[in-house]
Structures are given as C-alpha cells and as structure tokens.
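As provided, my_file.cif (mmCIF, C-alpha atoms) reads as follows.
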```
data_input
#
loop_
_atom_site.group_PDB
_atom_site.id
_atom_site.type_symbol
_atom_site.label_atom_id
_atom_site.label_comp_id
_atom_site.auth_asym_id
_atom_site.auth_seq_id
_atom_site.Cartn_x
_atom_site.Cartn_y
_atom_site.Cartn_z
ATOM 1 C CA MET A 1 -19.841 -17.355 -15.234
ATOM 2 C CA SER A 2 -17.001 -16.699 -12.861
ATOM 3 C CA LYS A 3 -14.967 -13.531 -13.101
ATOM 4 C CA LEU A 4 -11.694 -15.310 -12.503
ATOM 5 C CA LYS A 5 -10.337 -18.770 -11.841
ATOM 6 C CA LYS A 6 -6.749 -19.554 -11.065
ATOM 7 C CA SER A 7 -5.069 -22.770 -10.016
ATOM 8 C CA PHE A 8 -1.724 -23.458 -8.342
ATOM 9 C CA HIS A 9 0.088 -26.784 -8.128
ATOM 10 C CA VAL A 10 0.729 -28.374 -4.715
ATOM 11 C CA LYS A 11 3.427 -31.042 -4.447
ATOM 12 C CA ALA A 12 3.157 -33.806 -1.862
ATOM 13 C CA ARG A 13 5.930 -33.987 0.817
ATOM 14 C CA ASP A 14 7.628 -30.826 -0.472
ATOM 15 C CA PHE A 15 7.899 -29.222 2.944
ATOM 16 C CA ILE A 16 10.188 -26.430 1.777
ATOM 17 C CA ARG A 17 7.718 -25.052 -0.782
ATOM 18 C CA ALA A 18 4.568 -25.931 1.163
ATOM 19 C CA GLY A 19 2.512 -22.780 1.525
ATOM 20 C CA GLU A 20 3.671 -21.107 -1.694
ATOM 21 C CA ALA A 21 0.366 -21.740 -3.465
ATOM 22 C CA SER A 22 -1.537 -20.041 -0.620
ATOM 23 C CA ILE A 23 0.817 -17.065 -0.683
ATOM 24 C CA ASN A 24 0.187 -16.837 -4.450
ATOM 25 C CA VAL A 25 -3.576 -16.756 -3.802
ATOM 26 C CA GLN A 26 -3.046 -14.139 -1.077
ATOM 27 C CA ASN A 27 -1.021 -11.941 -3.470
ATOM 28 C CA LEU A 28 -3.594 -12.399 -6.249
ATOM 29 C CA LEU A 29 -6.462 -11.294 -3.974
ATOM 30 C CA LYS A 30 -4.405 -8.363 -2.703
ATOM 31 C CA SER A 31 -3.860 -7.231 -6.317
ATOM 32 C CA MET A 32 -7.650 -7.388 -6.806
ATOM 33 C CA ASN A 33 -8.194 -5.115 -3.787
ATOM 34 C CA PHE A 34 -10.318 -7.456 -1.708
ATOM 35 C CA ASP A 35 -11.020 -6.607 1.946
ATOM 36 C CA PRO A 36 -7.812 -7.465 3.898
ATOM 37 C CA ARG A 37 -9.903 -9.347 6.503
ATOM 38 C CA LEU A 38 -11.361 -11.580 3.791
ATOM 39 C CA ILE A 39 -7.922 -12.126 2.247
ATOM 40 C CA ARG A 40 -6.587 -13.186 5.648
ATOM 41 C CA ARG A 41 -9.411 -15.713 6.126
ATOM 42 C CA VAL A 42 -8.899 -17.149 2.628
ATOM 43 C CA ALA A 43 -5.117 -17.318 3.062
ATOM 44 C CA ILE A 44 -5.434 -19.117 6.425
ATOM 45 C CA CYS A 45 -7.845 -21.678 4.952
ATOM 46 C CA GLY A 46 -5.624 -22.142 1.905
ATOM 47 C CA TYR A 47 -2.496 -22.573 3.960
ATOM 48 C CA GLU A 48 -4.007 -25.100 6.379
ATOM 49 C CA GLY A 49 -5.477 -27.041 3.458
ATOM 50 C CA GLU A 50 -2.257 -26.892 1.481
ATOM 51 C CA MET A 51 -0.283 -28.176 4.488
ATOM 52 C CA ASN A 52 -2.785 -31.034 4.831
ATOM 53 C CA ALA A 53 -2.329 -31.986 1.173
ATOM 54 C CA VAL A 54 1.475 -31.765 1.426
ATOM 55 C CA MET A 55 1.610 -33.755 4.686
ATOM 56 C CA HIS A 56 -1.131 -36.350 4.235
ATOM 57 C CA GLY A 57 -2.333 -36.181 0.639
ATOM 58 C CA GLY A 58 -0.802 -36.544 -2.762
ATOM 59 C CA ASP A 59 0.069 -34.063 -5.511
ATOM 60 C CA GLY A 60 -2.787 -31.701 -6.094
ATOM 61 C CA ASN A 61 -4.034 -28.191 -6.739
ATOM 62 C CA LEU A 62 -5.115 -25.133 -4.838
ATOM 63 C CA SER A 63 -7.571 -23.112 -6.872
ATOM 64 C CA VAL A 64 -9.457 -19.908 -6.304
ATOM 65 C CA GLU A 65 -12.561 -18.832 -8.198
ATOM 66 C CA VAL A 66 -14.136 -15.408 -7.909
ATOM 67 C CA ASP A 67 -17.815 -14.874 -8.708
ATOM 68 C CA THR A 68 -19.961 -11.801 -8.131
ATOM 69 C CA ASP A 69 -21.368 -13.051 -4.853
ATOM 70 C CA ARG A 70 -18.746 -15.522 -3.637
ATOM 71 C CA LEU A 71 -15.191 -16.668 -3.626
ATOM 72 C CA THR A 72 -14.513 -20.403 -3.802
ATOM 73 C CA LEU A 73 -11.286 -21.943 -2.594
ATOM 74 C CA GLU A 74 -10.628 -25.562 -3.462
ATOM 75 C CA ILE A 75 -7.826 -27.884 -2.425
ATOM 76 C CA SER A 76 -7.773 -31.197 -4.222
ATOM 77 C CA ASP A 77 -5.220 -33.964 -3.962
ATOM 78 C CA GLU A 78 -4.706 -37.460 -5.274
ATOM 79 C CA GLY A 79 -3.710 -38.898 -1.910
ATOM 80 C CA PRO A 80 -5.011 -41.729 0.237
ATOM 81 C CA GLY A 81 -8.227 -39.890 1.133
ATOM 82 C CA ILE A 82 -9.861 -39.340 4.518
ATOM 83 C CA GLU A 83 -11.434 -42.483 5.947
ATOM 84 C CA ASP A 84 -13.622 -40.812 8.551
ATOM 85 C CA ILE A 85 -14.373 -37.166 7.717
ATOM 86 C CA GLU A 86 -16.343 -36.554 10.908
ATOM 87 C CA LEU A 87 -13.405 -37.735 13.003
ATOM 88 C CA ALA A 88 -10.947 -35.647 10.959
ATOM 89 C CA MET A 89 -13.059 -32.533 11.644
ATOM 90 C CA GLN A 90 -12.663 -32.963 15.416
ATOM 91 C CA ALA A 91 -10.230 -30.491 16.982
ATOM 92 C CA GLY A 92 -7.150 -32.343 18.158
ATOM 93 C CA TYR A 93 -7.615 -35.453 16.037
ATOM 94 C CA SER A 94 -4.487 -36.017 13.980
ATOM 95 C CA THR A 95 -2.651 -38.676 11.984
ATOM 96 C CA ALA A 96 0.502 -36.547 11.721
ATOM 97 C CA ASN A 97 4.043 -37.763 12.332
ATOM 98 C CA ASP A 98 7.105 -36.126 13.937
ATOM 99 C CA ASP A 99 8.213 -34.525 10.637
ATOM 100 C CA HIS A 100 4.899 -32.674 10.487
ATOM 101 C CA ARG A 101 5.087 -31.562 14.110
ATOM 102 C CA GLU A 102 8.642 -30.281 13.656
ATOM 103 C CA MET A 103 7.226 -27.797 11.161
ATOM 104 C CA GLY A 104 4.594 -26.633 13.616
ATOM 105 C CA PHE A 105 1.680 -28.561 12.147
ATOM 106 C CA GLY A 106 -0.074 -31.837 12.848
ATOM 107 C CA ALA A 107 -1.920 -30.885 16.023
ATOM 108 C CA GLY A 108 -5.309 -31.676 14.545
ATOM 109 C CA MET A 109 -6.328 -28.036 14.141
ATOM 110 C CA GLY A 110 -6.222 -27.694 10.344
ATOM 111 C CA LEU A 111 -9.753 -28.672 9.324
ATOM 112 C CA PRO A 112 -11.425 -27.039 12.382
ATOM 113 C CA ASN A 113 -9.511 -23.855 11.593
ATOM 114 C CA MET A 114 -10.648 -24.001 7.952
ATOM 115 C CA LYS A 115 -14.254 -24.466 9.067
ATOM 116 C CA LYS A 116 -13.984 -21.491 11.427
ATOM 117 C CA ASN A 117 -12.582 -19.144 8.788
ATOM 118 C CA SER A 118 -14.844 -20.012 5.851
ATOM 119 C CA ASP A 119 -18.603 -19.481 5.426
ATOM 120 C CA GLN A 120 -19.138 -23.016 4.127
ATOM 121 C CA ILE A 121 -16.914 -26.057 3.896
ATOM 122 C CA HIS A 122 -17.544 -29.202 1.846
ATOM 123 C CA ILE A 123 -15.276 -32.231 1.946
ATOM 124 C CA GLU A 124 -15.442 -35.035 -0.580
ATOM 125 C CA SER A 125 -13.147 -37.935 0.052
ATOM 126 C CA GLN A 126 -12.908 -41.671 -0.369
ATOM 127 C CA LYS A 127 -10.227 -44.073 0.648
ATOM 128 C CA ASN A 128 -7.503 -44.200 -2.029
ATOM 129 C CA LEU A 129 -9.434 -41.787 -4.263
ATOM 130 C CA GLY A 130 -8.103 -38.489 -2.988
ATOM 131 C CA THR A 131 -9.720 -35.540 -1.279
ATOM 132 C CA VAL A 132 -11.426 -32.335 -2.353
ATOM 133 C CA VAL A 133 -11.969 -29.615 0.237
ATOM 134 C CA ARG A 134 -14.107 -26.757 -1.061
ATOM 135 C CA MET A 135 -14.642 -23.589 0.939
ATOM 136 C CA ILE A 136 -17.031 -20.760 0.130
ATOM 137 C CA PHE A 137 -16.628 -17.155 1.238
ATOM 138 C CA PHE A 138 -19.645 -14.963 0.546
ATOM 139 C CA LEU A 139 -18.833 -11.501 -0.744
ATOM 140 C CA PRO A 140 -20.736 -8.387 0.317
ATOM 141 C CA GLU A 141 -22.948 -6.815 -2.342
ATOM 142 C CA GLU A 142 -21.341 -4.103 -4.437
ATOM 143 C CA GLY A 143 -21.117 -0.877 -2.470
ATOM 144 C CA LYS A 144 -21.735 -2.615 0.855
ATOM 145 C CA THR A 145 -19.128 -3.741 3.340
ATOM 146 C CA ASN A 146 -19.068 -6.790 5.549
ATOM 147 C CA MET B 147 5.733 -1.065 22.878
ATOM 148 C CA LYS B 148 8.220 -0.289 20.144
ATOM 149 C CA LEU B 149 10.253 -3.088 18.552
ATOM 150 C CA GLU B 150 13.398 -1.360 19.806
ATOM 151 C CA GLU B 151 12.183 -1.657 23.431
ATOM 152 C CA ILE B 152 11.240 -5.302 22.869
ATOM 153 C CA LEU B 153 14.828 -5.949 21.752
ATOM 154 C CA LYS B 154 16.130 -4.443 25.013
ATOM 155 C CA THR B 155 13.590 -6.309 27.143
ATOM 156 C CA LEU B 156 14.584 -9.620 25.573
ATOM 157 C CA ASN B 157 18.313 -8.794 25.480
ATOM 158 C CA ALA B 158 17.892 -9.781 21.858
ATOM 159 C CA THR B 159 19.649 -9.496 18.522
ATOM 160 C CA LEU B 160 17.822 -8.092 15.515
ATOM 161 C CA LEU B 161 18.309 -10.420 12.537
ATOM 162 C CA VAL B 162 15.983 -8.641 10.087
ATOM 163 C CA GLY B 163 14.153 -5.314 10.276
ATOM 164 C CA ASP B 164 16.605 -2.401 10.802
ATOM 165 C CA SER B 165 14.089 0.021 9.331
ATOM 166 C CA GLN B 166 11.225 -1.114 11.593
ATOM 167 C CA LEU B 167 12.588 -0.387 15.082
ATOM 168 C CA ASN B 168 9.743 2.087 15.665
ATOM 169 C CA LYS B 169 7.046 -0.483 14.878
ATOM 170 C CA GLU B 170 4.431 -0.629 17.685
ATOM 171 C CA ILE B 171 3.480 -4.018 19.085
ATOM 172 C CA SER B 172 1.011 -4.630 21.906
ATOM 173 C CA ARG B 173 -0.023 -8.304 21.654
ATOM 174 C CA CYS B 174 2.046 -11.478 21.872
ATOM 175 C CA GLY B 175 1.512 -15.119 20.991
ATOM 176 C CA ALA B 176 3.926 -17.875 21.964
ATOM 177 C CA SER B 177 3.697 -21.272 20.301
ATOM 178 C CA ASP B 178 5.519 -23.921 18.339
ATOM 179 C CA LEU B 179 2.194 -24.830 16.763
ATOM 180 C CA MET B 180 1.594 -22.705 13.709
ATOM 181 C CA SER B 181 -2.098 -23.649 13.663
ATOM 182 C CA ASP B 182 -2.484 -21.966 17.075
ATOM 183 C CA ILE B 183 -1.196 -18.747 15.564
ATOM 184 C CA LEU B 184 -3.324 -19.154 12.426
ATOM 185 C CA ALA B 185 -6.429 -19.756 14.571
ATOM 186 C CA ALA B 186 -5.965 -16.672 16.760
ATOM 187 C CA LEU B 187 -6.158 -12.901 16.352
ATOM 188 C CA SER B 188 -2.508 -12.749 15.417
ATOM 189 C CA GLU B 189 -2.459 -9.727 13.129
ATOM 190 C CA ASP B 190 0.410 -7.325 13.945
ATOM 191 C CA CYS B 191 1.369 -9.462 16.949
ATOM 192 C CA LEU B 192 4.748 -10.587 18.185
ATOM 193 C CA LEU B 193 5.157 -14.327 17.592
ATOM 194 C CA LEU B 194 7.521 -16.123 19.978
ATOM 195 C CA THR B 195 8.598 -19.562 18.868
ATOM 196 C CA GLY B 196 11.311 -22.177 19.106
ATOM 197 C CA LEU B 197 10.789 -23.233 15.484
ATOM 198 C CA THR B 198 13.096 -21.838 12.810
ATOM 199 C CA THR B 199 11.644 -23.297 9.601
ATOM 200 C CA VAL B 200 10.335 -21.508 6.492
ATOM 201 C CA GLN B 201 6.836 -22.409 7.684
ATOM 202 C CA VAL B 202 7.200 -19.863 10.517
ATOM 203 C CA ILE B 203 7.689 -17.096 7.929
ATOM 204 C CA ARG B 204 4.811 -18.371 5.747
ATOM 205 C CA THR B 205 2.585 -18.455 8.840
ATOM 206 C CA ALA B 206 3.652 -14.888 9.620
ATOM 207 C CA MET B 207 2.817 -13.836 6.040
ATOM 208 C CA VAL B 208 -0.579 -15.543 5.992
ATOM 209 C CA ALA B 209 -1.620 -14.369 9.471
ATOM 210 C CA GLY B 210 -0.104 -10.872 9.188
ATOM 211 C CA VAL B 211 2.234 -11.320 12.173
ATOM 212 C CA GLY B 212 4.150 -8.125 13.047
ATOM 213 C CA ALA B 213 7.484 -9.643 14.125
ATOM 214 C CA VAL B 214 8.964 -13.030 15.059
ATOM 215 C CA VAL B 215 11.117 -13.838 18.107
ATOM 216 C CA PHE B 216 13.226 -17.013 18.133
ATOM 217 C CA VAL B 217 13.786 -18.046 21.756
ATOM 218 C CA ARG B 218 16.691 -19.916 23.407
ATOM 219 C CA GLY B 219 19.217 -18.097 21.209
ATOM 220 C CA LYS B 220 18.090 -19.893 18.077
ATOM 221 C CA LYS B 221 19.141 -18.547 14.699
ATOM 222 C CA PRO B 222 17.184 -19.623 11.628
ATOM 223 C CA PRO B 223 18.883 -20.855 8.444
ATOM 224 C CA GLN B 224 19.829 -18.290 5.799
ATOM 225 C CA GLU B 225 16.843 -19.064 3.514
ATOM 226 C CA VAL B 226 14.492 -18.215 6.378
ATOM 227 C CA ILE B 227 16.288 -14.906 6.972
ATOM 228 C CA ASP B 228 16.195 -14.118 3.239
ATOM 229 C CA MET B 229 12.470 -14.854 3.035
ATOM 230 C CA ALA B 230 11.710 -12.610 6.027
ATOM 231 C CA LYS B 231 13.824 -9.836 4.508
ATOM 232 C CA ALA B 232 11.971 -10.057 1.201
ATOM 233 C CA GLN B 233 8.625 -9.898 3.041
ATOM 234 C CA GLY B 234 9.651 -7.132 5.471
ATOM 235 C CA ILE B 235 8.989 -9.266 8.554
ATOM 236 C CA PRO B 236 11.337 -8.368 11.452
ATOM 237 C CA LEU B 237 13.187 -11.327 13.034
ATOM 238 C CA ILE B 238 14.627 -11.295 16.548
ATOM 239 C CA SER B 239 16.739 -13.827 18.415
ATOM 240 C CA SER B 240 16.610 -13.837 22.228
ATOM 241 C CA PRO B 241 18.914 -15.839 24.514
ATOM 242 C CA TYR B 242 16.084 -16.334 27.021
ATOM 243 C CA SER B 243 13.832 -19.398 27.156
ATOM 244 C CA MET B 244 10.227 -19.241 25.979
ATOM 245 C CA PHE B 245 9.051 -18.951 29.606
ATOM 246 C CA VAL B 246 11.426 -16.161 30.557
ATOM 247 C CA SER B 247 10.870 -14.277 27.270
ATOM 248 C CA CYS B 248 7.104 -14.340 27.824
ATOM 249 C CA GLY B 249 7.498 -13.322 31.476
ATOM 250 C CA ARG B 250 9.623 -10.317 30.615
ATOM 251 C CA LEU B 251 7.200 -9.129 27.923
ATOM 252 C CA HIS B 252 4.202 -9.648 30.206
ATOM 253 C CA ALA B 253 5.931 -7.647 32.938
ATOM 254 C CA SER B 254 6.341 -4.889 30.334
ATOM 255 C CA ASN B 255 2.560 -4.696 29.908
ATOM 256 C CA LEU B 256 2.210 -6.604 26.650
ATOM 257 C CA THR B 257 -0.968 -8.700 26.317
ATOM 258 C CA GLY B 258 -1.942 -12.051 24.824
ATOM 259 C CA LEU B 259 -3.421 -12.343 21.333
ATOM 260 C CA ASP B 260 -6.915 -11.776 22.729
ATOM 261 C CA GLY B 261 -5.795 -8.574 24.465
ATOM 262 C CA LYS B 262 -5.931 -10.110 27.948
ATOM 263 C CA ARG B 263 -3.135 -9.935 30.534
#
```

As structure tokens, how would this structure be written, given the file I've shared?
Amino acid sequence: MSKLKKSFHVKARDFIRAGEASINVQNLLKSMNFDPRLIRRVAICGYEGEMNAVMHGGDGNLSVEVDTDRLTLEISDEGPGIEDIELAMQAGYSTANDDHREMGFGAGMGLPNMKKNSDQIHIESQKNLGTVVRMIFFLPEEGKTN
Amino acid sequence: MKLEEILKTLNATLLVGDSQLNKEISRCGASDLMSDILAALSEDCLLLTGLTTVQVIRTAMVAGVGAVVFVRGKKPPQEVIDMAKAQGIPLISSPYSMFVSCGRLHASNLTGLDGKR
C-alpha cells in the first residue's frame, strides 16, 4: 500500500495556470522533507509533462504516489494521444505552434528531459484515446542516501 | 559575483529582490527556451531571457534559478512581478541585448551553467 497519493487537475490550453500542479507537487514533497535533488528532478518531470498536456493534450491530472521504495509521478490527459511515441521521444521533434514557443516551450525537449530526470518512464497512448506518462523515481533505503 | 555587482555590470534596474543584493551568483544561462534551462544544471544560476511570461517564473521555481534578467529593457507584466515577489526570486531588467548582456557577464568572470568559460 502506498504511503500517500495526491492528484492535481490540469486544464488544457490554460497557459496562465500551466505549471501550478507541478509546483503543488514540489511544495508537497518539500513539506515531506525529501532530498532537494530528488524534488528538483520530480518537479522538472512534472512541469514538462504538465506543459505537454496543456499544450497538446486535453484536460487531465498530475498525480504523485509515494511508496516505501519509490515515488511515482503520473500525467494523464484525455487529449488526441501520441501517434508515434518513438518519434515523440526524439530530442528536437515537436508538433508545437507559435503560441507554445512564445512561452518558451515546444522545442521538442520535453519528453527527452523527462526521460533524463526519471529512473523509468512509461508512456501509454493511442490516437484519440489520450496519454498516460508514468515516471518512477527510486528512493534510497531508509538511513541511506543517494 | 554579488547580485548588486551584476546590476552594475548590466546597467540594470532591480524589479524584485531588494533584500537579496548580497546573493552570490557564479553561473549563467541565457535562453528563451525554458526546456533548455530545465535540462541544465541551473540551480542558483542567473537566467537571462527575452521572455516575460509567468512560465519564466515557474521555470525558475522548478529549476531553483537564483535570479532572472530580462534583456532589451523588457519589463514583465504585474502578475509576473507579483509571483516572483511571493517566491523570493529576484528580477532584473537590463537595457542591453542578450548578446551584450552575456558578453559583459562573461568578461566579469561568470561561467556557463556547466561551469565552463
């Protein structure tokens, strides 16, 4: 059984509030006294994933689950899905528009950056059936540090 | 280099962060791509950018950026200033271009995000 699970709503195309869910996760993990380096990695993955959902996906959720040995971050949305996951994982590949680039995103670095900062990444997506991106961060054993 | 010296070097105006003029900064990243900053070792760095949206502040929060410089004399909207204030992230506006701002900081011995000059 997990020690904690918390979910935050992510609204599609709401560029003003985009990122708030990730900041909420960051603050939650800070209040639980996790290693600041781990919190930074989780927050970066959450933020990139949240921006993806806001820009390309549909309404969805960012959730964090803490177990004894791992932390799981999941971004799910009800959007159009990713047609070619392998292509989407390539650095520089992007389907973004000018609105996305004006905010400093859409350069095709989101998924590669999420892969780099997590220990495992799983993407489930089908055309018109939404996307789930799940990232695992392994926690050091009690009393040990990373 | 202290934030106060960075202000002088960039002939800049401090928009947020009166109480942090003694903050030490040694590394700089310059980009209008927030993913570049999120992908790099950007903790406690100076972020130079031409973007003035709320996403710059959220990127700074997530990545742990030390201070933000808006180049070409740009001033962000009030909600961006308010958000930075609430988060304690210093904001600076410099009249110089991105190129000249970076050149002046490099000439003052500041390094890139990876510590290289």

Q: When you get a sec, could you note down which chain A residues fall within 12 Å of chain B, using only C-alpha atoms, as a VMD selection string?
A: chain A and resid 14 to 27 30 36 to 52 91 to 92 99 to 117

Q.
Please determine, counting all atoms listed in the file, which residue among B:Pro241, B:Pro222, B:Gly261, B:Gly212 has the shortest atom-to-atom distance to B:Glu170.
A. B:Gly212

Q. If we count all atoms listed in the file, what is near B:Tyr242 at a cut-off of 12 Å, once residues fewer than 5 positions away on the same chain are taken out, given as a ChimeraX atom specification?
A. /B:153,155-159,194-196,215-220,247-251

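Our summary of the geometry notes that atom CA of B:Leu256 is positioned 27.0 Å from atom CA of B:Met229.
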
Q: Might you spell out which residues the PyMOL selection byres ((chain A and resi 9) around 7) would select in the displayed file, as JSON, numbers by chain?
A: {"A": [7, 8, 10, 11, 21, 60, 61, 62]}

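Across the structure, atom CA of B:Leu187 and atom CA of B:Arg173 are spaced 9.3 Å apart.
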
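Of note, atom CA of A:Asn33 and atom CA of A:Met135 are spaced 20.1 Å apart.
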
Q: Decode the PyMOL selection byres ((chain B and resi 230) around 10) for the given file into explicit residues and return them as a list in words.
A: Leu161, Val162, Gly163, Val200, Val202, Ile203, Arg204, Ala206, Met207, Ala213, Val214, Gln224, Glu225, Val226, Ile227, Asp228, Met229, Lys231, Ala232, Gln233, Gly234, Ile235, Pro236 and Leu237 of chain B

Selection above as a file: C-alpha atoms, as a CSV table (one decimal), in the coordinates of the input:
```csv
chain,number,residue,atom,x,y,z
B,161,LEU,CA,18.3,-10.4,12.5
B,162,VAL,CA,16.0,-8.6,10.1
B,163,GLY,CA,14.2,-5.3,10.3
B,200,VAL,CA,10.3,-21.5,6.5
B,202,VAL,CA,7.2,-19.9,10.5
B,203,ILE,CA,7.7,-17.1,7.9
B,204,ARG,CA,4.8,-18.4,5.7
B,206,ALA,CA,3.7,-14.9,9.6
B,207,MET,CA,2.8,-13.8,6.0
B,213,ALA,CA,7.5,-9.6,14.1
B,214,VAL,CA,9.0,-13.0,15.1
B,224,GLN,CA,19.8,-18.3,5.8
B,225,GLU,CA,16.8,-19.1,3.5
B,226,VAL,CA,14.5,-18.2,6.4
B,227,ILE,CA,16.3,-14.9,7.0
B,228,ASP,CA,16.2,-14.1,3.2
B,229,MET,CA,12.5,-14.9,3.0
B,231,LYS,CA,13.8,-9.8,4.5
B,232,ALA,CA,12.0,-10.1,1.2
B,233,GLN,CA,8.6,-9.9,3.0
B,234,GLY,CA,9.7,-7.1,5.5
B,235,ILE,CA,9.0,-9.3,8.6
B,236,PRO,CA,11.3,-8.4,11.5
B,237,LEU,CA,13.2,-11.3,13.0
```

Determine the axis-aligned bounding box of all atoms of stretch 6-15 of chain A present in the file, pad each side by 5 Å, and express its centre and edge lengths in Å to one decimal place as JSON.
```
{"center_x": 0.6, "center_y": -26.8, "center_z": -4.1, "size_x": 24.6, "size_y": 24.4, "size_z": 24.0}
```

Q: Identify all residues satisfying the PyMOL selection byres ((chain A and resi 68) around 12) in the given file; provide them as an MDAnalysis selection string.
A: chainID A and resid 1:4 65:67 69:72 137:142

**Q.** Residue contacts of A:Lys127 (10 Å, all atoms listed in the file) excluding same-chain residues fewer than 3 positions away, as a PyMOL selection string
**A.** chain A and resi 79-84+130-131

Kindly reconstruct stretch 179-207 of chain B with N, CA and C atoms and present the result as a PDB file, in the frame of the given file.
```pdb
ATOM      1  N   LEU B 179       3.250 -24.324  17.637  1.00  0.00           N
ATOM      2  CA  LEU B 179       2.194 -24.830  16.763  1.00  0.00           C
ATOM      3  C   LEU B 179       1.691 -23.697  15.879  1.00  0.00           C
ATOM      4  N   MET B 180       1.972 -23.792  14.601  1.00  0.00           N
ATOM      5  CA  MET B 180       1.594 -22.705  13.709  1.00  0.00           C
ATOM      6  C   MET B 180       0.072 -22.589  13.585  1.00  0.00           C
ATOM      7  N   SER B 181      -0.638 -23.706  13.725  1.00  0.00           N
ATOM      8  CA  SER B 181      -2.098 -23.649  13.663  1.00  0.00           C
ATOM      9  C   SER B 181      -2.687 -22.807  14.801  1.00  0.00           C
ATOM     10  N   ASP B 182      -2.025 -22.810  15.960  1.00  0.00           N
ATOM     11  CA  ASP B 182      -2.484 -21.966  17.075  1.00  0.00           C
ATOM     12  C   ASP B 182      -2.426 -20.493  16.690  1.00  0.00           C
ATOM     13  N   ILE B 183      -1.373 -20.144  15.980  1.00  0.00           N
ATOM     14  CA  ILE B 183      -1.196 -18.747  15.564  1.00  0.00           C
ATOM     15  C   ILE B 183      -2.195 -18.425  14.455  1.00  0.00           C
ATOM     16  N   LEU B 184      -2.385 -19.372  13.532  1.00  0.00           N
ATOM     17  CA  LEU B 184      -3.324 -19.154  12.426  1.00  0.00           C
ATOM     18  C   LEU B 184      -4.767 -19.071  12.922  1.00  0.00           C
ATOM     19  N   ALA B 185      -5.057 -19.722  14.061  1.00  0.00           N
ATOM     20  CA  ALA B 185      -6.429 -19.756  14.571  1.00  0.00           C
ATOM     21  C   ALA B 185      -6.750 -18.544  15.441  1.00  0.00           C
ATOM     22  N   ALA B 186      -5.750 -17.769  15.807  1.00  0.00           N
ATOM     23  CA  ALA B 186      -5.965 -16.672  16.760  1.00  0.00           C
ATOM     24  C   ALA B 186      -5.945 -15.301  16.067  1.00  0.00           C
ATOM     25  N   LEU B 187      -6.204 -14.275  16.865  1.00  0.00           N
ATOM     26  CA  LEU B 187      -6.158 -12.901  16.352  1.00  0.00           C
ATOM     27  C   LEU B 187      -4.704 -12.450  16.351  1.00  0.00           C
ATOM     28  N   SER B 188      -3.959 -12.930  15.363  1.00  0.00           N
ATOM     29  CA  SER B 188      -2.508 -12.749  15.417  1.00  0.00           C
ATOM     30  C   SER B 188      -1.989 -11.611  14.544  1.00  0.00           C
ATOM     31  N   GLU B 189      -2.903 -10.807  13.991  1.00  0.00           N
ATOM     32  CA  GLU B 189      -2.459  -9.727  13.129  1.00  0.00           C
ATOM     33  C   GLU B 189      -1.640  -8.694  13.917  1.00  0.00           C
ATOM     34  N   ASP B 190      -0.492  -8.324  13.352  1.00  0.00           N
ATOM     35  CA  ASP B 190       0.410  -7.325  13.945  1.00  0.00           C
ATOM     36  C   ASP B 190       0.983  -7.736  15.300  1.00  0.00           C
ATOM     37  N   CYS B 191       0.867  -9.019  15.645  1.00  0.00           N
ATOM     38  CA  CYS B 191       1.369  -9.462  16.949  1.00  0.00           C
ATOM     39  C   CYS B 191       2.853  -9.791  16.895  1.00  0.00           C
ATOM     40  N   LEU B 192       3.401 -10.047  18.075  1.00  0.00           N
ATOM     41  CA  LEU B 192       4.748 -10.587  18.185  1.00  0.00           C
ATOM     42  C   LEU B 192       4.588 -12.097  18.355  1.00  0.00           C
ATOM     43  N   LEU B 193       5.230 -12.866  17.493  1.00  0.00           N
ATOM     44  CA  LEU B 193       5.157 -14.327  17.592  1.00  0.00           C
ATOM     45  C   LEU B 193       6.452 -14.864  18.182  1.00  0.00           C
ATOM     46  N   LEU B 194       6.345 -15.499  19.368  1.00  0.00           N
ATOM     47  CA  LEU B 194       7.521 -16.123  19.978  1.00  0.00           C
ATOM     48  C   LEU B 194       7.479 -17.608  19.698  1.00  0.00           C
ATOM     49  N   THR B 195       8.591 -18.145  19.210  1.00  0.00           N
ATOM     50  CA  THR B 195       8.598 -19.562  18.868  1.00  0.00           C
ATOM     51  C   THR B 195       9.998 -20.153  18.967  1.00  0.00           C
ATOM     52  N   GLY B 196      10.041 -21.464  19.111  1.00  0.00           N
ATOM     53  CA  GLY B 196      11.311 -22.177  19.106  1.00  0.00           C
ATOM     54  C   GLY B 196      11.581 -22.827  17.759  1.00  0.00           C
ATOM     55  N   LEU B 197      10.622 -22.676  16.834  1.00  0.00           N
ATOM     56  CA  LEU B 197      10.789 -23.233  15.484  1.00  0.00           C
ATOM     57  C   LEU B 197      11.529 -22.248  14.600  1.00  0.00           C
ATOM     58  N   THR B 198      12.359 -22.749  13.702  1.00  0.00           N
ATOM     59  CA  THR B 198      13.096 -21.838  12.810  1.00  0.00           C
ATOM     60  C   THR B 198      12.945 -22.239  11.343  1.00  0.00           C
ATOM     61  N   THR B 199      11.815 -22.842  10.989  1.00  0.00           N
ATOM     62  CA  THR B 199      11.644 -23.297   9.601  1.00  0.00           C
ATOM     63  C   THR B 199      10.972 -22.221   8.736  1.00  0.00           C
ATOM     64  N   VAL B 200      10.992 -22.452   7.410  1.00  0.00           N
ATOM     65  CA  VAL B 200      10.335 -21.508   6.492  1.00  0.00           C
ATOM     66  C   VAL B 200       8.840 -21.402   6.791  1.00  0.00           C
ATOM     67  N   GLN B 201       8.275 -22.449   7.408  1.00  0.00           N
ATOM     68  CA  GLN B 201       6.836 -22.409   7.684  1.00  0.00           C
ATOM     69  C   GLN B 201       6.481 -21.337   8.719  1.00  0.00           C
ATOM     70  N   VAL B 202       7.447 -20.951   9.567  1.00  0.00           N
ATOM     71  CA  VAL B 202       7.200 -19.863  10.517  1.00  0.00           C
ATOM     72  C   VAL B 202       6.981 -18.554   9.746  1.00  0.00           C
ATOM     73  N   ILE B 203       7.807 -18.338   8.718  1.00  0.00           N
ATOM     74  CA  ILE B 203       7.689 -17.096   7.929  1.00  0.00           C
ATOM     75  C   ILE B 203       6.395 -17.125   7.109  1.00  0.00           C
ATOM     76  N   ARG B 204       6.058 -18.278   6.534  1.00  0.00           N
ATOM     77  CA  ARG B 204       4.811 -18.371   5.747  1.00  0.00           C
ATOM     78  C   ARG B 204       3.611 -18.138   6.664  1.00  0.00           C
ATOM     79  N   THR B 205       3.670 -18.693   7.880  1.00  0.00           N
ATOM     80  CA  THR B 205       2.585 -18.455   8.840  1.00  0.00           C
ATOM     81  C   THR B 205       2.485 -16.960   9.137  1.00  0.00           C
ATOM     82  N   ALA B 206       3.636 -16.333   9.332  1.00  0.00           N
ATOM     83  CA  ALA B 206       3.652 -14.888   9.620  1.00  0.00           C
ATOM     84  C   ALA B 206       3.047 -14.108   8.458  1.00  0.00           C
ATOM     85  N   MET B 207       3.351 -14.523   7.219  1.00  0.00           N
ATOM     86  CA  MET B 207       2.817 -13.836   6.040  1.00  0.00           C
ATOM     87  C   MET B 207       1.306 -14.001   5.960  1.00  0.00           C
TER      88      MET B 207
END
```
